[in-house]
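Data block for input-v4.txt (compact mmCIF, C-alpha atoms and all ligand atoms):
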```txt
# COMPACT_ATOMS: atom_id res chain seq x y z
CA MET A 1394 0.00 0.00 0.00
CA LEU A 1395 1.22 3.49 -0.82
CA ILE A 1396 2.41 5.68 2.08
CA PHE A 1397 0.94 9.19 1.96
CA PRO A 1398 2.90 12.28 3.09
CA ALA A 1399 1.80 13.47 6.51
CA ASP A 1400 1.72 17.15 5.47
CA GLY A 1401 -0.88 16.37 2.78
CA ASN A 1402 1.25 18.13 0.14
CA LEU A 1403 0.96 15.90 -2.89
CA SER A 1404 0.68 16.24 -6.66
CA LEU A 1405 -1.09 13.74 -8.87
CA TYR A 1406 -0.12 12.28 -12.24
CA LEU A 1407 -2.67 10.16 -14.11
CA HIS A 1408 -1.31 8.00 -16.92
CA ILE A 1409 -3.53 7.30 -19.92
CA PRO A 1410 -1.46 4.85 -21.99
CA PHE A 1411 -3.69 4.77 -25.07
CA CYS A 1412 -2.55 6.14 -28.45
CA THR A 1413 -3.98 5.93 -31.96
CA THR A 1414 -0.74 4.37 -33.26
CA CYS A 1415 2.87 4.40 -32.07
CA CYS A 1416 5.16 7.24 -33.18
CA SER A 1417 8.45 6.04 -34.69
CA TYR A 1418 10.67 7.57 -31.98
CA CYS A 1419 8.52 6.78 -28.94
CA ALA A 1420 9.79 4.52 -26.16
CA PHE A 1421 7.01 5.31 -23.65
CA TYR A 1422 4.56 2.61 -22.72
CA SER A 1423 1.32 2.94 -24.67
CA GLU A 1424 -0.94 0.67 -26.69
CA PRO A 1425 -3.28 1.29 -29.63
CA VAL A 1426 -6.64 2.54 -28.42
CA GLY A 1427 -8.52 0.85 -31.29
CA ALA A 1428 -7.41 -2.65 -30.25
CA ASN A 1429 -8.00 -1.91 -26.54
CA LYS A 1430 -11.39 -0.24 -26.50
CA ALA A 1431 -12.71 -3.08 -24.33
CA TYR A 1432 -10.35 -1.99 -21.52
CA LEU A 1433 -11.08 1.73 -21.51
CA GLN A 1434 -14.02 1.59 -19.12
CA GLY A 1435 -12.30 -0.75 -16.64
CA TYR A 1436 -9.14 1.36 -16.79
CA VAL A 1437 -10.97 4.58 -15.97
CA ASP A 1438 -13.10 2.87 -13.29
CA ARG A 1439 -10.01 1.67 -11.46
CA LEU A 1440 -8.27 5.05 -11.72
CA GLU A 1441 -11.36 6.73 -10.32
CA GLN A 1442 -11.52 4.29 -7.39
CA GLU A 1443 -7.84 4.81 -6.60
CA ILE A 1444 -8.24 8.60 -6.69
CA ARG A 1445 -11.26 8.40 -4.36
CA ALA A 1446 -9.29 6.19 -1.95
CA CYS A 1447 -6.49 8.80 -1.88
CA LYS A 1448 -8.99 11.47 -0.91
CA ALA A 1449 -9.31 9.77 2.47
CA HIS A 1450 -5.73 10.97 3.14
CA LEU A 1451 -5.83 14.54 1.82
CA ASP A 1452 -8.21 17.38 0.92
CA ARG A 1453 -6.79 18.23 -2.45
CA PHE A 1454 -3.85 17.64 -4.78
CA PHE A 1455 -1.41 20.55 -5.16
CA THR A 1456 -1.22 20.04 -8.93
CA ILE A 1457 -2.64 17.45 -11.33
CA PHE A 1458 -1.25 16.32 -14.68
CA ILE A 1459 -3.10 13.96 -17.02
CA GLY A 1460 -0.56 12.57 -19.46
CA GLY A 1461 0.02 9.61 -21.71
CA GLY A 1462 -0.12 8.19 -24.20
CA ASN A 1463 -2.74 10.54 -25.40
CA PRO A 1464 -5.43 11.51 -22.87
CA GLY A 1465 -7.44 12.66 -25.91
CA SER A 1466 -8.06 8.91 -26.41
CA LEU A 1467 -10.67 9.28 -23.65
CA PRO A 1468 -13.97 11.02 -24.26
CA VAL A 1469 -14.53 14.17 -22.24
CA GLU A 1470 -16.98 12.51 -19.83
CA GLN A 1471 -14.41 9.94 -18.71
CA LEU A 1472 -11.78 12.63 -18.11
CA ARG A 1473 -14.38 14.67 -16.26
CA ARG A 1474 -15.17 11.77 -13.93
CA LEU A 1475 -11.50 11.47 -13.00
CA LEU A 1476 -11.10 15.20 -12.45
CA LEU A 1477 -14.25 15.46 -10.34
CA ALA A 1478 -13.06 12.51 -8.24
CA ALA A 1479 -9.75 14.35 -7.71
CA ASN A 1480 -11.55 17.59 -6.73
CA ALA A 1481 -9.54 19.24 -9.50
CA GLU A 1482 -11.18 22.63 -8.97
CA ALA A 1483 -9.26 22.95 -5.70
CA SER A 1484 -5.82 22.32 -7.26
CA ASP A 1485 -3.36 25.11 -8.08
CA GLU A 1486 -2.83 23.83 -11.62
CA VAL A 1487 -4.43 21.06 -13.69
CA THR A 1488 -2.72 20.18 -16.97
CA LEU A 1489 -4.23 18.05 -19.71
CA GLU A 1490 -1.93 16.63 -22.36
CA MET A 1491 -3.55 16.46 -25.77
CA ASN A 1492 -2.62 15.37 -29.27
CA PRO A 1493 -3.78 17.79 -31.98
CA GLU A 1494 -5.76 15.24 -33.98
CA THR A 1495 -8.01 14.35 -31.04
CA PHE A 1496 -8.65 17.87 -29.74
CA ASN A 1497 -12.13 19.26 -30.35
CA GLU A 1498 -14.70 21.58 -28.71
CA THR A 1499 -16.16 18.83 -26.52
CA TYR A 1500 -13.10 19.21 -24.23
CA PHE A 1501 -14.02 22.88 -23.64
CA LYS A 1502 -16.40 21.63 -20.96
CA LEU A 1503 -13.39 20.81 -18.76
CA PHE A 1504 -12.08 24.36 -19.10
CA GLU A 1505 -15.50 25.90 -18.60
CA GLU A 1506 -15.98 24.00 -15.34
CA GLY A 1507 -12.53 24.96 -14.07
CA LEU A 1508 -11.41 21.32 -14.01
CA VAL A 1509 -8.48 21.93 -16.39
CA THR A 1510 -6.41 25.14 -16.25
CA ARG A 1511 -3.59 24.30 -18.64
CA MET A 1512 -3.24 22.30 -21.84
CA SER A 1513 -0.01 20.85 -23.18
CA MET A 1514 -0.14 19.91 -26.84
CA GLY A 1515 2.39 17.80 -28.73
CA ILE A 1516 2.73 19.60 -32.06
CA GLN A 1517 6.36 18.50 -32.67
CA SER A 1518 6.55 19.93 -36.22
CA MET A 1519 4.44 21.92 -38.67
CA ASP A 1520 5.94 20.18 -41.68
CA ASP A 1521 4.04 17.28 -43.26
CA PRO A 1522 7.02 15.21 -44.50
CA THR A 1523 8.63 15.52 -41.04
CA LEU A 1524 5.40 14.52 -39.29
CA THR A 1525 5.13 11.52 -41.59
CA ARG A 1526 8.71 10.47 -40.82
CA LEU A 1527 7.97 10.74 -37.09
CA GLY A 1528 4.92 8.50 -37.49
CA ARG A 1529 2.66 11.20 -36.04
CA ASN A 1530 -1.06 10.94 -36.69
CA ALA A 1531 -1.55 14.69 -37.00
CA ARG A 1532 -0.67 16.58 -40.16
CA ARG A 1533 -0.09 20.33 -40.60
CA GLU A 1534 -3.82 20.90 -41.18
CA ASP A 1535 -4.69 19.08 -37.91
CA ASN A 1536 -2.07 21.14 -36.06
CA LEU A 1537 -3.43 24.40 -37.44
CA LYS A 1538 -6.99 23.48 -36.47
CA ALA A 1539 -5.94 22.39 -32.98
CA ILE A 1540 -3.84 25.53 -32.37
CA LYS A 1541 -6.79 27.70 -33.44
CA LEU A 1542 -9.10 25.87 -31.03
CA ALA A 1543 -6.51 26.06 -28.24
CA ARG A 1544 -6.26 29.83 -28.76
CA GLN A 1545 -10.05 30.07 -28.51
CA ALA A 1546 -9.98 28.12 -25.28
CA ARG A 1547 -7.28 30.43 -23.92
CA LEU A 1548 -9.28 33.54 -24.78
CA LEU A 1549 -12.61 32.13 -23.57
CA TYR A 1550 -11.54 30.39 -20.36
CA GLY A 1551 -8.12 31.86 -19.55
CA ILE A 1552 -6.34 28.50 -19.67
CA GLU A 1553 -2.58 28.40 -20.15
CA LEU A 1554 -1.12 26.74 -23.23
CA SER A 1555 2.09 24.87 -23.77
CA PHE A 1556 3.30 23.35 -27.03
CA ASP A 1557 5.91 20.62 -27.54
CA LEU A 1558 8.29 21.06 -30.44
CA MET A 1559 10.97 18.60 -31.55
CA VAL A 1560 14.28 19.60 -33.11
CA CYS A 1561 17.33 17.93 -34.68
CA LEU A 1562 14.92 15.83 -36.75
CA PRO A 1563 16.00 14.05 -39.94
CA GLY A 1564 15.52 16.41 -42.87
CA GLN A 1565 14.74 19.40 -40.59
CA THR A 1566 16.69 22.65 -40.97
CA VAL A 1567 17.22 25.24 -38.24
CA GLU A 1568 15.33 27.73 -40.42
CA SER A 1569 12.26 25.45 -40.66
CA ALA A 1570 12.33 24.78 -36.89
CA ILE A 1571 12.44 28.52 -36.19
CA ALA A 1572 9.60 29.08 -38.66
CA ASP A 1573 7.55 26.40 -36.81
CA LEU A 1574 8.24 28.11 -33.51
CA HIS A 1575 7.18 31.53 -34.83
CA GLU A 1576 4.03 30.13 -36.41
CA ILE A 1577 2.94 28.31 -33.23
CA LEU A 1578 3.55 31.38 -31.05
CA LEU A 1579 1.89 33.78 -33.45
CA ARG A 1580 -1.21 31.64 -33.91
CA SER A 1581 -1.63 30.52 -30.29
CA GLY A 1582 -0.27 33.36 -28.13
CA SER A 1583 1.26 30.69 -25.89
CA ASP A 1584 3.66 31.63 -23.10
CA HIS A 1585 5.20 28.17 -22.73
CA ILE A 1586 7.24 25.96 -25.06
CA SER A 1587 8.83 22.57 -24.41
CA LEU A 1588 11.66 22.00 -26.88
CA TYR A 1589 13.02 18.47 -27.20
CA CYS A 1590 15.98 17.22 -29.14
CA LEU A 1591 15.31 13.94 -30.95
CA THR A 1592 16.89 10.99 -29.18
CA VAL A 1593 17.13 7.56 -30.74
CA GLU A 1594 15.73 5.13 -28.16
CA GLU A 1595 16.52 1.44 -28.34
CA GLY A 1596 13.68 -0.75 -29.58
CA THR A 1597 11.92 2.01 -31.54
CA GLU A 1598 11.21 2.02 -35.26
CA LEU A 1599 13.50 5.04 -35.58
CA ALA A 1600 16.39 3.08 -34.03
CA GLU A 1601 15.78 0.30 -36.53
CA GLN A 1602 15.79 2.74 -39.46
CA VAL A 1603 18.99 4.38 -38.20
CA GLY A 1604 20.54 0.91 -37.75
CA LEU A 1605 19.62 -0.01 -41.34
CA GLY A 1606 21.14 3.24 -42.62
CA ASN A 1607 17.78 4.48 -43.94
CA THR A 1608 17.73 7.49 -41.62
CA SER A 1609 20.54 9.57 -40.23
CA VAL A 1610 20.51 11.85 -37.21
CA LEU A 1611 22.75 14.77 -36.30
CA ASP A 1612 25.98 14.11 -34.44
CA GLU A 1613 26.61 15.78 -31.06
CA ASP A 1614 28.18 18.94 -32.52
CA GLY A 1615 25.32 19.31 -34.99
CA GLN A 1616 22.77 18.94 -32.18
CA GLU A 1617 24.56 21.51 -30.01
CA ASP A 1618 24.62 24.06 -32.85
CA PHE A 1619 20.94 23.42 -33.60
CA LEU A 1620 19.91 23.75 -29.95
CA HIS A 1621 22.07 26.81 -29.40
CA THR A 1622 20.33 28.62 -32.27
CA MET A 1623 16.85 27.63 -31.01
CA TRP A 1624 17.64 28.65 -27.41
CA THR A 1625 19.00 32.02 -28.62
CA GLU A 1626 15.85 32.61 -30.66
CA LEU A 1627 13.59 31.74 -27.73
CA ARG A 1628 15.52 34.16 -25.53
CA ARG A 1629 15.18 36.86 -28.21
CA LEU A 1630 11.42 36.25 -28.14
CA GLY A 1631 11.34 36.95 -24.40
CA PHE A 1632 11.34 33.39 -23.06
CA GLU A 1633 13.09 32.37 -19.87
CA HIS A 1634 15.02 29.10 -20.22
CA TYR A 1635 13.93 27.75 -16.84
CA GLU A 1636 14.68 24.07 -17.42
CA VAL A 1637 16.84 22.27 -19.99
CA SER A 1638 13.83 21.62 -22.26
CA ASN A 1639 11.34 24.22 -21.01
CA PHE A 1640 10.83 27.91 -21.73
CA CYS A 1641 8.26 30.40 -20.48
CA ARG A 1642 7.22 34.04 -20.75
CA ASN A 1643 5.41 36.16 -18.18
CA GLY A 1644 6.36 33.75 -15.39
CA LYS A 1645 4.17 30.93 -16.80
CA LYS A 1646 6.26 28.03 -15.52
CA SER A 1647 4.71 24.60 -15.20
CA LYS A 1648 3.95 24.20 -11.49
CA HIS A 1649 3.52 20.44 -11.82
CA ASN A 1650 6.86 19.83 -13.51
CA GLN A 1651 8.60 21.90 -10.86
CA VAL A 1652 7.33 19.36 -8.33
CA TYR A 1653 9.40 16.69 -10.17
CA TRP A 1654 12.47 18.91 -10.39
CA ARG A 1655 12.32 19.76 -6.68
CA LEU A 1656 11.77 16.09 -5.79
CA ASP A 1657 8.57 17.01 -3.97
CA ASN A 1658 5.92 14.38 -3.39
CA TYR A 1659 3.94 13.16 -6.36
CA LEU A 1660 1.67 10.20 -6.84
CA GLY A 1661 1.44 8.52 -10.23
CA LEU A 1662 -1.61 6.38 -10.88
CA GLY A 1663 -2.17 4.15 -13.89
CA SER A 1664 -0.30 1.55 -15.87
CA SER A 1665 3.47 2.28 -15.95
CA ALA A 1666 3.06 5.42 -13.80
CA ALA A 1667 5.72 6.27 -11.19
CA SER A 1668 5.56 8.00 -7.80
CA THR A 1669 7.96 9.56 -5.31
CA LEU A 1670 6.70 9.77 -1.74
CA LYS A 1671 8.72 10.89 1.28
CA GLU A 1672 8.14 10.36 4.95
CA GLY A 1673 10.71 12.29 6.98
CA SER A 1674 14.13 11.26 5.68
CA ILE A 1675 12.78 8.11 4.03
CA ALA A 1676 11.88 8.28 0.36
CA ARG A 1677 10.09 5.65 -1.65
CA HIS A 1678 9.57 5.20 -5.35
CA TYR A 1679 6.61 3.26 -6.63
CA ALA A 1680 6.47 1.90 -10.17
CA GLN A 1681 3.24 0.51 -11.56
CA LYS A 1682 4.21 -2.67 -13.41
CA GLN A 1683 0.88 -3.83 -14.82
CA SER A 1684 -0.01 -3.60 -18.51
CA LEU A 1685 -3.10 -1.54 -19.22
CA GLN A 1686 -5.12 -4.75 -19.67
CA GLU A 1687 -3.97 -6.07 -16.26
CA PHE A 1688 -4.49 -2.67 -14.68
CA ALA A 1689 -8.07 -2.51 -15.96
CA SER A 1690 -8.97 -5.88 -14.47
CA SER A 1691 -6.96 -5.98 -11.20
CA PRO A 1692 -7.86 -4.76 -7.72
CA CYS A 1693 -7.12 -1.17 -6.71
CA PHE A 1694 -3.51 -0.44 -5.70
CA SER A 1695 -2.23 -3.80 -6.95
CA GLY A 1696 0.92 -3.76 -9.09
CA TYR A 1697 2.62 -0.71 -7.50
CA GLU A 1698 6.11 -1.96 -6.66
CA GLU A 1699 7.98 -0.16 -3.89
CA GLU A 1700 11.65 0.71 -3.87
CA ARG A 1701 13.26 2.44 -0.90
CA VAL A 1702 15.63 5.21 -1.92
CA ASP A 1703 18.67 5.43 0.36
CA ALA A 1704 20.20 8.76 1.44
CA ASN A 1705 22.94 8.78 -1.22
CA GLN A 1706 20.47 7.94 -3.97
CA GLN A 1707 18.31 10.83 -2.79
CA ILE A 1708 21.26 13.21 -3.09
CA GLU A 1709 22.03 11.94 -6.58
CA GLU A 1710 18.43 12.37 -7.71
CA TYR A 1711 18.18 15.83 -6.17
CA VAL A 1712 21.36 17.05 -7.89
CA MET A 1713 20.24 15.48 -11.17
CA MET A 1714 16.89 17.28 -11.05
CA ALA A 1715 18.00 20.62 -9.59
CA LEU A 1716 20.75 21.10 -12.17
CA ARG A 1717 18.19 20.76 -14.97
CA THR A 1718 16.72 24.09 -13.84
CA ASN A 1719 17.95 27.66 -13.89
CA ALA A 1720 17.38 27.77 -10.12
CA GLY A 1721 20.18 25.21 -9.71
CA ILE A 1722 21.33 24.08 -6.27
CA ASP A 1723 20.50 26.26 -3.28
CA LYS A 1724 23.43 25.37 -1.01
CA GLN A 1725 21.69 26.25 2.28
CA ALA A 1726 18.64 24.23 1.29
CA PHE A 1727 20.99 21.36 0.35
CA VAL A 1728 22.56 21.33 3.85
CA ALA A 1729 19.13 21.49 5.47
CA ARG A 1730 17.89 18.64 3.34
CA TYR A 1731 20.88 16.26 3.44
CA GLN A 1732 23.05 17.53 6.36
CA GLN A 1733 26.00 17.73 3.96
CA ASP A 1734 27.85 20.68 2.50
CA PHE A 1735 27.48 20.79 -1.30
CA ASP A 1736 30.90 22.40 -1.97
CA THR A 1737 32.71 19.91 0.28
CA LEU A 1738 30.91 16.82 -0.96
CA PHE A 1739 31.53 17.62 -4.64
CA ALA A 1740 34.85 19.52 -4.30
CA SER A 1741 36.86 17.30 -6.59
CA ALA A 1742 34.21 17.07 -9.36
CA LEU A 1743 33.49 20.81 -9.21
CA SER A 1744 37.17 21.63 -9.68
CA SER A 1745 37.21 19.53 -12.86
CA LEU A 1746 34.38 21.45 -14.57
CA ASP A 1747 34.96 24.03 -17.27
CA SER A 1748 34.23 27.47 -15.83
CA SER A 1749 31.91 28.33 -18.76
CA TRP A 1750 29.54 25.52 -17.68
CA TYR A 1751 28.37 27.03 -14.40
CA SER A 1752 28.05 30.05 -12.17
CA ASP A 1753 28.92 29.58 -8.52
CA SER A 1754 28.35 31.77 -5.47
CA SER A 1755 28.28 31.15 -1.73
CA GLN A 1756 24.51 30.50 -2.05
CA PHE A 1757 23.86 28.96 -5.49
CA PHE A 1758 25.45 26.57 -7.97
CA VAL A 1759 23.72 26.96 -11.33
CA LEU A 1760 24.51 25.63 -14.80
CA THR A 1761 24.79 28.03 -17.74
CA GLU A 1762 23.35 27.15 -21.15
CA TYR A 1763 26.81 25.75 -22.05
CA GLY A 1764 26.44 23.58 -18.96
CA PHE A 1765 22.96 22.44 -20.03
CA MET A 1766 24.54 21.24 -23.30
CA VAL A 1767 26.87 18.91 -21.39
CA LEU A 1768 24.51 18.10 -18.53
CA ASP A 1769 25.05 14.33 -18.74
CA GLU A 1770 28.82 14.72 -18.49
CA ILE A 1771 28.51 17.05 -15.47
CA LEU A 1772 26.06 14.72 -13.70
CA LEU A 1773 28.35 11.77 -14.28
CA ARG A 1774 31.29 13.57 -12.69
CA LEU A 1775 29.21 14.65 -9.69
CA ALA A 1776 27.65 11.19 -9.26
CA LEU A 1777 31.12 9.64 -8.95
CA GLU A 1778 31.66 11.74 -5.80
CA ILE A 1779 28.65 10.32 -4.00
CA PRO A 1780 29.63 7.41 -1.74
S1 LIG B 1801 1.42 10.10 -29.11
FE1 LIG B 1801 3.04 10.40 -27.57
S2 LIG B 1801 2.91 8.59 -26.22
FE2 LIG B 1801 1.70 8.12 -28.09
S3 LIG B 1801 3.16 7.03 -29.38
FE3 LIG B 1801 3.29 9.21 -29.97
S4 LIG B 1801 4.95 10.08 -28.70
FE4 LIG B 1801 4.36 8.08 -27.81
```
Could you rewrite the structure in this file as structure tokens?
Ligand code: SF4
Amino acid sequence: MLIFPADGNLSLYLHIPFCTTCCSYCAFYSEPVGANKAYLQGYVDRLEQEIRACKAHLDRFFTIFIGGGNPGSLPVEQLRRLLLAANAEASDEVTLEMNPETFNETYFKLFEEGLVTRMSMGIQSMDDPTLTRLGRNARREDNLKAIKLARQARLLYGIELSFDLMVCLPGQTVESAIADLHEILLRSGSDHISLYCLTVEEGTELAEQVGLGNTSVLDEDGQEDFLHTMWTELRRLGFEHYEVSNFCRNGKKSKHNQVYWRLDNYLGLGSSAASTLKEGSIARHYAQKQSLQEFASSPCFSGYEEERVDANQQIEEYVMMALRTNAGIDKQAFVARYQQDFDTLFASALSSLDSSWYSDSSQFFVLTEYGFMVLDEILLRLALEIP
């Protein structure tokens, strides 16, 4: 059974692992909705029961995020049931992930009732050949229609919008990526962009095509140049680069994602969802191991496997998450949290870092954009210092 934080401060992630078809680069767990329609009802029923059981332990969730998969695989009434069960109106932020091809006016009901305050849409590209190569279901026309509707929703109900864009894609030029960015911002008026660099994940169709030599991807230097140009353009457009892949204007940061980056408590419900829950100095991760078919037909709270996270692992995770953000490490908060001095613990690794990668003061250690580019290398060096 899951252990709930005593202070009642908890965010909720609901995983909806249904997609129309699988995108060529995607390594997340999801299954085709068409072949699994028989499980939809049972899946939502169980999620709703689990949410209601949680409500015995707390009044409200700090933030809620419904992600996937594609939550647009569920009709509005099923999403509404889940959000009502979670008392979503009382949360500080409720984000709904949505694929363009499934977005329509029926979902406006959720905005109108104050059950969803933010929508995150995976546009990825505005170019048809690129969308085809990625195996996306949406085409440029679908994206345009969805962006127009999203803008309407923003103007009518005051919801916040975020759009995902992918870069370093086969056949994509920096100029076309910048044109996509401008078009999305101009048409939507969004204050939030998530910008992801294509990664080739093992076991995906993309990895197979790269292995066969049918597709090529940029090397590291090419990716760095591409990202550098995109980041510079976003900054020119008034966006704050507040996390490696996330940019906002007018202070519109994602509250839910900041919970992950601060390692605050969050509960993930649904097939393949993950949770982090702390009780004093003890932290636990829970991973839901059931397939969506098993999840839909098994008792509530079955299949969540617990892993205790020891003190050193907690430090490693904290550093890994904090350095993704432009807030970086607050050294006093670090001592309070782990009873260890950041500068002393990591002295040797810190002295090995290039000075252009970070800024360091008595209070904060923060990576620069050059540091973000080599984040993995920096984390590796710091991790080697942890006993
Ligand atoms: S829609 Fe999202 S979750 Fe579904 S296959 Fe594509 S990338 Fe993966």
Gly1435 (chain A) surroundings by all atoms listed in the file, 9 Å radius, close-in-sequence under 5 positions cut, as a VMD selection string:
chain A and resid 1440 1686 1688 to 1690
Please identify all protein, DNA and RNA residues within 9 Å of ligand LIG 1801 (chain B), counting only C-alpha atoms and all ligand atoms, and report them as an MDAnalysis selection string.
chainID A and resid 1410:1425 1460:1463 1491:1492 1515 1527:1530
Show me, as a list in words, the residues that have an atom within 10 Å of Ala1726 (chain A) when counting all atoms listed in the file, minus same-chain residues fewer than 6 positions from it.
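After dropping sequence-adjacent residues, the list is Gln1732, Asp1734, Phe1735, Gln1756 and Phe1757 of chain A.
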Those same residues - C-alpha atoms - I'd like them written as a compact mmCIF listing (two decimals), keeping the file's coordinate frame.
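Generated file (selection-v3.txt):
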```txt
# COMPACT_ATOMS: atom_id res chain seq x y z
CA GLN A 1732 23.05 17.53 6.36
CA ASP A 1734 27.85 20.68 2.50
CA PHE A 1735 27.48 20.79 -1.30
CA GLN A 1756 24.51 30.50 -2.05
CA PHE A 1757 23.86 28.96 -5.49
```
For region 1581-1583 of chain A, please output as a list in words all residues within 8 Å (counting only C-alpha atoms; exclusion window: fewer than 6 positions along the same chain).
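Counting only C-alpha atoms, the residues come to Ile1540, Lys1541, Ala1543, Arg1544, Glu1553, Leu1554, Ser1555 and Phe1556 of chain A.
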Please list as a ChimeraX atom specification every residue within 12 Å of Leu1489 (chain A), counting all atoms listed in the file and excluding residues in the same chain fewer than 6 positions away.
/A:1406-1409,1456-1467,1469,1472-1473,1475-1476,1481,1496,1500-1501,1503-1504,1508-1515,1543,1552-1556,1647,1649
Keeping only C-alpha atoms, take the residues you just selected and write them out as a PDB file, in the frame of the given file.
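Dumped everything to result_16.pdb:
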```pdb
ATOM      1  CA  TYR A1406      -0.120  12.280 -12.240  1.00  0.00           C
ATOM      2  CA  LEU A1407      -2.670  10.160 -14.110  1.00  0.00           C
ATOM      3  CA  HIS A1408      -1.310   8.000 -16.920  1.00  0.00           C
ATOM      4  CA  ILE A1409      -3.530   7.300 -19.920  1.00  0.00           C
ATOM      5  CA  THR A1456      -1.220  20.040  -8.930  1.00  0.00           C
ATOM      6  CA  ILE A1457      -2.640  17.450 -11.330  1.00  0.00           C
ATOM      7  CA  PHE A1458      -1.250  16.320 -14.680  1.00  0.00           C
ATOM      8  CA  ILE A1459      -3.100  13.960 -17.020  1.00  0.00           C
ATOM      9  CA  GLY A1460      -0.560  12.570 -19.460  1.00  0.00           C
ATOM     10  CA  GLY A1461       0.020   9.610 -21.710  1.00  0.00           C
ATOM     11  CA  GLY A1462      -0.120   8.190 -24.200  1.00  0.00           C
ATOM     12  CA  ASN A1463      -2.740  10.540 -25.400  1.00  0.00           C
ATOM     13  CA  PRO A1464      -5.430  11.510 -22.870  1.00  0.00           C
ATOM     14  CA  GLY A1465      -7.440  12.660 -25.910  1.00  0.00           C
ATOM     15  CA  SER A1466      -8.060   8.910 -26.410  1.00  0.00           C
ATOM     16  CA  LEU A1467     -10.670   9.280 -23.650  1.00  0.00           C
ATOM     17  CA  VAL A1469     -14.530  14.170 -22.240  1.00  0.00           C
ATOM     18  CA  LEU A1472     -11.780  12.630 -18.110  1.00  0.00           C
ATOM     19  CA  ARG A1473     -14.380  14.670 -16.260  1.00  0.00           C
ATOM     20  CA  LEU A1475     -11.500  11.470 -13.000  1.00  0.00           C
ATOM     21  CA  LEU A1476     -11.100  15.200 -12.450  1.00  0.00           C
ATOM     22  CA  ALA A1481      -9.540  19.240  -9.500  1.00  0.00           C
ATOM     23  CA  PHE A1496      -8.650  17.870 -29.740  1.00  0.00           C
ATOM     24  CA  TYR A1500     -13.100  19.210 -24.230  1.00  0.00           C
ATOM     25  CA  PHE A1501     -14.020  22.880 -23.640  1.00  0.00           C
ATOM     26  CA  LEU A1503     -13.390  20.810 -18.760  1.00  0.00           C
ATOM     27  CA  PHE A1504     -12.080  24.360 -19.100  1.00  0.00           C
ATOM     28  CA  LEU A1508     -11.410  21.320 -14.010  1.00  0.00           C
ATOM     29  CA  VAL A1509      -8.480  21.930 -16.390  1.00  0.00           C
ATOM     30  CA  THR A1510      -6.410  25.140 -16.250  1.00  0.00           C
ATOM     31  CA  ARG A1511      -3.590  24.300 -18.640  1.00  0.00           C
ATOM     32  CA  MET A1512      -3.240  22.300 -21.840  1.00  0.00           C
ATOM     33  CA  SER A1513      -0.010  20.850 -23.180  1.00  0.00           C
ATOM     34  CA  MET A1514      -0.140  19.910 -26.840  1.00  0.00           C
ATOM     35  CA  GLY A1515       2.390  17.800 -28.730  1.00  0.00           C
ATOM     36  CA  ALA A1543      -6.510  26.060 -28.240  1.00  0.00           C
ATOM     37  CA  ILE A1552      -6.340  28.500 -19.670  1.00  0.00           C
ATOM     38  CA  GLU A1553      -2.580  28.400 -20.150  1.00  0.00           C
ATOM     39  CA  LEU A1554      -1.120  26.740 -23.230  1.00  0.00           C
ATOM     40  CA  SER A1555       2.090  24.870 -23.770  1.00  0.00           C
ATOM     41  CA  PHE A1556       3.300  23.350 -27.030  1.00  0.00           C
ATOM     42  CA  SER A1647       4.710  24.600 -15.200  1.00  0.00           C
ATOM     43  CA  HIS A1649       3.520  20.440 -11.820  1.00  0.00           C
TER      44      HIS A1649
END
```
Give me the residues of region 1628-1676 of chain A that have any atom at most 8 Å from an atom of region 1691-1712 of chain A; for each, the nearest atom pair and the distance in Å, rounded to one decimal. Use only C-alpha atoms, sort by chain and number, and format it as a tab-separated table.
```
residue	atom	partner	partner_atom	distance
A:Trp1654	CA	A:Tyr1711	CA	7.7
A:Arg1655	CA	A:Tyr1711	CA	7.1
A:Leu1656	CA	A:Tyr1711	CA	6.4
A:Ser1674	CA	A:Ala1704	CA	7.8
A:Ile1675	CA	A:Val1702	CA	7.2
A:Ala1676	CA	A:Val1702	CA	5.4
```
Residue with smallest distance to Gly1644 (chain A) - pool A:His1585, A:Arg1628, A:Arg1547, A:Arg1526, counting all atoms listed in the file:
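Checking each candidate against Gly1644 (chain A), we get A:His1585 as the closest.
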For Ile1577 (chain A), which residue among A:Asp1557, A:Glu1506, A:Asp1747, A:Glu1626 is the nearest when counting only C-alpha atoms?
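Of A:Asp1557, A:Glu1506, A:Asp1747, A:Glu1626, the one nearest Ile1577 (chain A) is A:Asp1557, counting only C-alpha atoms.
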Between A:Ala1600, A:Ala1539, A:Leu1627, A:Leu1620, which residue has the minimum interatomic distance to Val1567 (chain A), considering all atoms listed in the file?
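Using all atoms listed in the file, the shortest distance to Val1567 (chain A) belongs to A:Leu1620.
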Here is a test: counting all atoms listed in the file, which residue of A:Asn1402, A:Gln1565, A:Gln1683, A:Ser1754 is nearest to Phe1619 (chain A)?
A:Gln1565
